[in-house]
Amino acid sequence: MPRRLLFVAALLLALVGAPRGAATALAPVPPQAQLRVATVQVRVAPDHRDWTYRLGEPVRFTVSVVADNTPLDHATITYAIGPEMMPAETHTAAVPLAGLTLEGGTMQVPGFLRCTVTAEFAGRTYKGAATAAFEPEKIIPTQTEPADFDPFWQTAKEELAAMPVDANVTLLPERCTPKVNVYHVSFRVPGPAWMNRQARIYGILCEPKAPGRYPAVLKVPGAGVRPYAGDTALAERGAVVLEIGVHGLPVTLAPEVYDSLYAGPLSGYWVFNLDDPKSYYYRRIYQGCIRANDFLTARETWDGRHLLVMGASQGGQLAIVTAALDPRVTALAATHPAACDLTGELHGRAGGWPHPFKTYTAGQPPFHATPAKIATTAYYDTVNFARRLKVPGFYCWGYNDDVCPPTSVWAAFNVITAPKQFAVTLELAHNYTPEQWDAINTWVCGTLGLK
C-alpha cells in the first residue's frame, strides 16, 4: 500500500473497530502508519560569504539536502557547474549528512560561475543553486552602439511630439480610497510603422484627493499581458502614480482576455519585427513610456520638480530607457532589468532576457541570429541607454537569476556614470522578497520626500 495511504487506512480501521456510537474514541495509530510530509530543500553555497572571488581564485560549493531542516543521509543529487546560463556537464553524487563539497574551479575573465543542483523525492524535483561572482565590476558589454543611435531616437521623440496626447480620463469609483482617486486613463502614441496607424497606451492613475502638488511616479510593467490595479498605497503617501500597460489594451478587462492574447496574437511579442529597428515592437513601447510622462507632467497635481520611473524585469529595462530618453525624469529604480547585453550569447556568455540569440537546440545556430536582427537589438539594448543616464538610480538584482542573469545586468550597470546605488540579494532568482520591496520603496520614498 502506498505510504501516503497508510494513515488514512489506519484511521478507517480505528473507526470500524470502535463501538457503535463511539466513533470519536479512536484507537491509537501504529507508529509505522504515521505519515510525514516534509519540506525538502537543496541548499548550495559558495565558500566566500559575499559570493565574490578574484579572477583565478578557486571556488568550492557546499551542498546539503534537508527535510524539515534535518539533513538527509546519502541523498542522490545531479549537479552541473559552469558559466551561468551556458551548457555544462552534469554529474551525480551522494550527499552525506555532513554535506558535500564540490570543487567549482575558477574563471579567468570577469563573470559568474553557477552551481546548479537537483534532487528527486516522491516524484518531485527540488532545485538549489549558487552563483559565484568573479570581479563583476569589470564586466564589459558585448553589444555594439550604432553611430546613429541618438538621431534614431530623436526622430522617434519628434514623431511622438507631433501627435496630440489626446488623454482620456475615467474615474473608477469602486477603486477609490478615502485618500486617493483612481482613474482609468489612455493617450495616443504612434501605431506600428507598417500600418501607418495610431494606437493608445492605457493605465491606472492614482492621485491624492487632498489639494496640493505632488511628485510623480511612472510605474512601467514587466513582461507579459495583464490587467493593472494602480498603486494606491504609494499615492496615499503623497505621490501621483501612473501604472501603465504597453500593449494598447485597456487595463481593466477580465484576466482571461489577457491570457488569451498572451497565448495567441501577443505570444512572443518581444521578437515582433526584430529585423527592422523602425518597426520593432518595442519602438512604440519606448515612445509610450515618454507619452506617459507627457500625461503625468500635464497634471495640475504634479509638483513640477520630481518625476521618478520604476519597474522590474522588462519594467527595469523600461525604467532605464525612459530615464535616458526623457530629460524630465529626475530618478529611477530598476529591479533585475531585462534586455541588457542581448548579444551576450553570441559571445559565449549569458545575455539578457528575452535571449533572442540563445541556442536551444544543440548543434543548431540561434534562430534569430541574423545580421538584421542583431543590428536591431543595438538600438534597443538597455546597455546603450544606461550609458546615457544622468539621474540617480537604485538598482537591485539577485545572483541566481536565470531570466535576467547577473552577467547581463552588470554589463549595463558598469557603464552607468550617473549616481547609482546597488543592492544585491545573493540567493535571489527572478523573483522578489519583502525585504527587497522594502529597500526599493524606502529609496523611492526617500528620494521623493514622501512620508
# chains A, B, ... in the order shown; residues from 1 in each chain; ligands from 1

$ select_by_dssp --residues "stretch 105-242 of chain A" --states "helix (DSSP H, G or I)" --output "PyMOL selection string"
chain A and resi 136-138+149-161+173-175+232-236

$ residues_around --residues "A:Glu158" --least-positions-apart "2" --cutoff "12 Å" --atoms "only C-alpha atoms" --output "mmCIF file with C-alpha atoms, in the first residue's frame"
data_model
loop_
_atom_site.group_PDB
_atom_site.id
_atom_site.type_symbol
_atom_site.label_atom_id
_atom_site.label_comp_id
_atom_site.auth_asym_id
_atom_site.auth_seq_id
_atom_site.Cartn_x
_atom_site.Cartn_y
_atom_site.Cartn_z
ATOM 1 C CA PRO A 151 19.468 60.600 -34.129
ATOM 2 C CA PHE A 152 17.340 57.461 -34.354
ATOM 3 C CA TRP A 153 15.692 58.114 -31.001
ATOM 4 C CA GLN A 154 15.484 61.856 -31.554
ATOM 5 C CA THR A 155 13.416 61.132 -34.659
ATOM 6 C CA ALA A 156 11.162 58.809 -32.657
ATOM 7 C CA LEU A 160 5.696 61.395 -30.815
ATOM 8 C CA ALA A 161 5.750 65.117 -30.027
ATOM 9 C CA ALA A 162 3.935 65.891 -33.279
ATOM 10 C CA MET A 163 0.980 63.779 -32.109
ATOM 11 C CA PRO A 164 -1.520 65.227 -29.596
ATOM 12 C CA VAL A 189 1.021 57.010 -29.450
ATOM 13 C CA PRO A 190 2.148 56.123 -32.970
ATOM 14 C CA GLN A 287 7.534 56.002 -27.146
ATOM 15 C CA ILE A 290 7.623 59.008 -22.848
ATOM 16 C CA ARG A 291 3.997 59.725 -23.696
ATOM 17 C CA LEU A 325 15.351 59.366 -23.290
#

$ closest_residue --among "A:Thr407, A:Thr322, A:Ser64, A:Ser279" --to "A:Lys373" --atoms "only C-alpha atoms"
A:Ser279

$ residues_around --residues "A:Ala80" --least-positions-apart "5" --cutoff "6 Å" --atoms "only C-alpha atoms" --output "PyMOL selection string"
chain A and resi 88-90+115-116

$ write_last_selection --atoms "N, CA and C atoms" --output "compact mmCIF listing (two decimals), in the first residue's frame"
# COMPACT_ATOMS: atom_id res chain seq x y z
N ALA A 88 26.61 22.92 -19.43
CA ALA A 88 27.64 22.38 -18.55
C ALA A 88 27.40 20.89 -18.36
N GLU A 89 28.48 20.15 -18.17
CA GLU A 89 28.40 18.70 -17.98
C GLU A 89 27.73 18.39 -16.64
N THR A 90 26.84 17.39 -16.64
CA THR A 90 26.15 17.01 -15.41
C THR A 90 26.83 15.80 -14.77
N CYS A 115 26.63 26.90 -9.81
CA CYS A 115 26.47 25.50 -9.44
C CYS A 115 24.97 25.25 -9.28
N THR A 116 24.42 24.37 -10.10
CA THR A 116 23.01 24.04 -10.05
C THR A 116 22.86 22.59 -9.62

$ select_by_dssp --residues "stretch 190-412 of chain A" --states "strand (DSSP E)" --output "ChimeraX atom specification"
/A:190,198-208,214-219,240-244,302-312,331-335,393-398

$ residues_around --residues "A:Val217" --least-positions-apart "4" --cutoff "8 Å" --atoms "only C-alpha atoms" --output "MDAnalysis selection string"
chainID A and resid 239:242 307:310

$ residues_around --residues "A:Pro141" --least-positions-apart "6" --cutoff "9 Å" --atoms "only C-alpha atoms" --output "CSV table (one decimal) with N, CA and C atoms, in the first residue's frame"
chain,number,residue,atom,x,y,z
A,340,CYS,N,19.4,43.6,-21.2
A,340,CYS,CA,20.8,44.0,-21.0
A,340,CYS,C,21.8,43.1,-21.8
A,341,ASP,N,22.6,43.7,-22.7
A,341,ASP,CA,23.6,43.0,-23.4
A,341,ASP,C,23.0,41.8,-24.1
A,343,THR,N,23.4,40.6,-26.9
A,343,THR,CA,24.3,39.8,-27.8
A,343,THR,C,25.2,38.9,-27.0
A,344,GLY,N,25.0,38.8,-25.7
A,344,GLY,CA,25.9,38.0,-24.8
A,344,GLY,C,26.1,36.6,-25.3
A,383,VAL,N,21.8,48.4,-22.3
A,383,VAL,CA,23.2,48.9,-22.2
A,383,VAL,C,23.4,50.2,-22.8
A,408,SER,N,24.6,39.9,-17.5
A,408,SER,CA,24.0,40.9,-18.4
A,408,SER,C,23.7,42.2,-17.7
A,410,TRP,N,25.1,43.3,-14.9
A,410,TRP,CA,26.3,44.0,-14.5
A,410,TRP,C,26.9,44.8,-15.8
A,411,ALA,N,26.7,44.2,-16.9
A,411,ALA,CA,27.2,44.8,-18.2
A,411,ALA,C,26.6,46.2,-18.3
A,412,ALA,N,25.3,46.3,-18.0
A,412,ALA,CA,24.7,47.6,-18.1
A,412,ALA,C,25.0,48.5,-16.9
A,414,ASN,N,27.7,48.6,-15.2
A,414,ASN,CA,29.0,49.1,-15.2
A,414,ASN,C,29.3,50.3,-16.1
A,415,VAL,N,28.4,50.5,-17.0
A,415,VAL,CA,28.6,51.7,-18.0
A,415,VAL,C,27.8,52.9,-17.5

$ atom_distance --atom1 "atom CA of A:Gln421" --atom2 "atom CA of A:His48"
22.7 Å

$ closest_residue --among "A:Phe112, A:Tyr395, A:Phe413, A:Tyr202" --to "A:Leu332" --atoms "only C-alpha atoms"
A:Tyr395

$ atom_distance --atom1 "atom CA of A:Asp148" --atom2 "atom CA of A:Lys278"
12.7 Å

$ closest_atom_pairs --of "stretch 359-400 of chain A" --to "stretch 432-440 of chain A" --cutoff "10 Å" --atoms "only C-alpha atoms" --output "JSON lines"
{"residue": "A:Phe394", "atom": "CA", "partner": "A:Ile440", "partner_atom": "CA", "distance": 7.4}
{"residue": "A:Tyr395", "atom": "CA", "partner": "A:Ile440", "partner_atom": "CA", "distance": 8.5}
{"residue": "A:Cys396", "atom": "CA", "partner": "A:Gln436", "partner_atom": "CA", "distance": 8.1}
{"residue": "A:Trp397", "atom": "CA", "partner": "A:Gln436", "partner_atom": "CA", "distance": 9.1}
{"residue": "A:Gly398", "atom": "CA", "partner": "A:Tyr432", "partner_atom": "CA", "distance": 9.2}

$ residues_around --residues "A:Pro337" --least-positions-apart "5" --cutoff "6 Å" --atoms "only C-alpha atoms" --output "list in words"
Ser313, Gly316 and Gln317 of chain A

$ residues_around --residues "A:Trp353" --least-positions-apart "2" --cutoff "10 Å" --atoms "only C-alpha atoms" --output "PDB file with N, CA and C atoms, in the first residue's frame"
ATOM      1  N   ALA A 223       7.328  41.940 -18.235  1.00  0.00           N
ATOM      2  CA  ALA A 223       6.878  41.269 -19.454  1.00  0.00           C
ATOM      3  C   ALA A 223       5.560  40.552 -19.225  1.00  0.00           C
ATOM      4  N   TRP A 270       8.093  40.038 -28.020  1.00  0.00           N
ATOM      5  CA  TRP A 270       9.428  40.642 -27.880  1.00  0.00           C
ATOM      6  C   TRP A 270      10.324  40.440 -29.098  1.00  0.00           C
ATOM      7  N   SER A 313      12.272  43.783 -14.142  1.00  0.00           N
ATOM      8  CA  SER A 313      12.424  42.910 -15.300  1.00  0.00           C
ATOM      9  C   SER A 313      12.254  43.739 -16.586  1.00  0.00           C
ATOM     10  N   GLN A 314      11.254  43.447 -17.413  1.00  0.00           N
ATOM     11  CA  GLN A 314      11.004  44.344 -18.542  1.00  0.00           C
ATOM     12  C   GLN A 314      10.777  45.765 -18.041  1.00  0.00           C
ATOM     13  N   GLN A 317      14.064  47.417 -17.501  1.00  0.00           N
ATOM     14  CA  GLN A 317      14.516  47.861 -18.824  1.00  0.00           C
ATOM     15  C   GLN A 317      13.861  49.182 -19.189  1.00  0.00           C
ATOM     16  N   PRO A 337      16.837  44.436 -14.365  1.00  0.00           N
ATOM     17  CA  PRO A 337      16.389  44.919 -15.673  1.00  0.00           C
ATOM     18  C   PRO A 337      16.660  43.926 -16.803  1.00  0.00           C
ATOM     19  N   ALA A 338      15.725  43.865 -17.726  1.00  0.00           N
ATOM     20  CA  ALA A 338      15.818  42.975 -18.882  1.00  0.00           C
ATOM     21  C   ALA A 338      16.525  43.661 -20.045  1.00  0.00           C
ATOM     22  N   ALA A 339      16.715  42.896 -21.116  1.00  0.00           N
ATOM     23  CA  ALA A 339      17.279  43.388 -22.385  1.00  0.00           C
ATOM     24  C   ALA A 339      18.649  44.017 -22.222  1.00  0.00           C
ATOM     25  N   CYS A 340      19.410  43.555 -21.239  1.00  0.00           N
ATOM     26  CA  CYS A 340      20.781  44.045 -21.049  1.00  0.00           C
ATOM     27  C   CYS A 340      21.754  43.139 -21.803  1.00  0.00           C
ATOM     28  N   ASP A 341      22.553  43.727 -22.674  1.00  0.00           N
ATOM     29  CA  ASP A 341      23.584  42.992 -23.401  1.00  0.00           C
ATOM     30  C   ASP A 341      22.996  41.775 -24.121  1.00  0.00           C
ATOM     31  N   LEU A 342      22.040  42.042 -24.992  1.00  0.00           N
ATOM     32  CA  LEU A 342      21.309  40.983 -25.682  1.00  0.00           C
ATOM     33  C   LEU A 342      22.195  40.093 -26.539  1.00  0.00           C
ATOM     34  N   ALA A 350      26.186  34.649 -20.862  1.00  0.00           N
ATOM     35  CA  ALA A 350      24.772  34.933 -20.662  1.00  0.00           C
ATOM     36  C   ALA A 350      24.414  36.323 -21.169  1.00  0.00           C
ATOM     37  N   GLY A 351      23.334  36.395 -21.942  1.00  0.00           N
ATOM     38  CA  GLY A 351      22.771  37.668 -22.364  1.00  0.00           C
ATOM     39  C   GLY A 351      21.456  37.910 -21.654  1.00  0.00           C
ATOM     40  N   HIS A 355      16.589  36.796 -24.524  1.00  0.00           N
ATOM     41  CA  HIS A 355      17.544  35.827 -25.051  1.00  0.00           C
ATOM     42  C   HIS A 355      17.296  35.480 -26.511  1.00  0.00           C
ATOM     43  N   PRO A 356      17.222  36.468 -27.404  1.00  0.00           N
ATOM     44  CA  PRO A 356      16.906  36.159 -28.800  1.00  0.00           C
ATOM     45  C   PRO A 356      17.986  35.357 -29.499  1.00  0.00           C
ATOM     46  N   PHE A 357      19.201  35.360 -28.946  1.00  0.00           N
ATOM     47  CA  PHE A 357      20.299  34.687 -29.635  1.00  0.00           C
ATOM     48  C   PHE A 357      20.815  33.473 -28.857  1.00  0.00           C
ATOM     49  N   LYS A 358      19.964  32.947 -27.993  1.00  0.00           N
ATOM     50  CA  LYS A 358      20.325  31.748 -27.247  1.00  0.00           C
ATOM     51  C   LYS A 358      20.127  30.516 -28.118  1.00  0.00           C
ATOM     52  N   ASP A 402      17.990  33.460 -13.432  1.00  0.00           N
ATOM     53  CA  ASP A 402      18.200  32.765 -14.701  1.00  0.00           C
ATOM     54  C   ASP A 402      17.278  33.282 -15.796  1.00  0.00           C
ATOM     55  N   VAL A 403      16.695  34.462 -15.579  1.00  0.00           N
ATOM     56  CA  VAL A 403      15.917  35.148 -16.616  1.00  0.00           C
ATOM     57  C   VAL A 403      16.674  36.399 -17.063  1.00  0.00           C
ATOM     58  N   CYS A 404      17.000  37.237 -16.102  1.00  0.00           N
ATOM     59  CA  CYS A 404      17.862  38.400 -16.353  1.00  0.00           C
ATOM     60  C   CYS A 404      19.164  38.152 -15.603  1.00  0.00           C
ATOM     61  N   PRO A 405      20.048  37.340 -16.158  1.00  0.00           N
ATOM     62  CA  PRO A 405      21.228  36.874 -15.421  1.00  0.00           C
ATOM     63  C   PRO A 405      22.152  38.016 -15.028  1.00  0.00           C
ATOM     64  N   SER A 408      24.567  39.865 -17.487  1.00  0.00           N
ATOM     65  CA  SER A 408      23.968  40.852 -18.388  1.00  0.00           C
ATOM     66  C   SER A 408      23.659  42.153 -17.656  1.00  0.00           C
TER      67      SER A 408
END

$ closest_residue --among "A:Val225, A:Ala122, A:Ile320, A:Ala372" --to "A:Gly393" --atoms "only C-alpha atoms"
A:Ile320

$ closest_residue --among "A:Ile285, A:Leu426, A:Ala147, A:Val444" --to "A:Pro192" --atoms "only C-alpha atoms"
A:Ile285

$ closest_residue --among "A:Thr376, A:His247, A:Val95, A:Asp276" --to "A:Tyr262" --atoms "only C-alpha atoms"
A:His247

$ atom_distance --atom1 "atom CA of A:Ala129" --atom2 "atom CA of A:His74"
18.8 Å
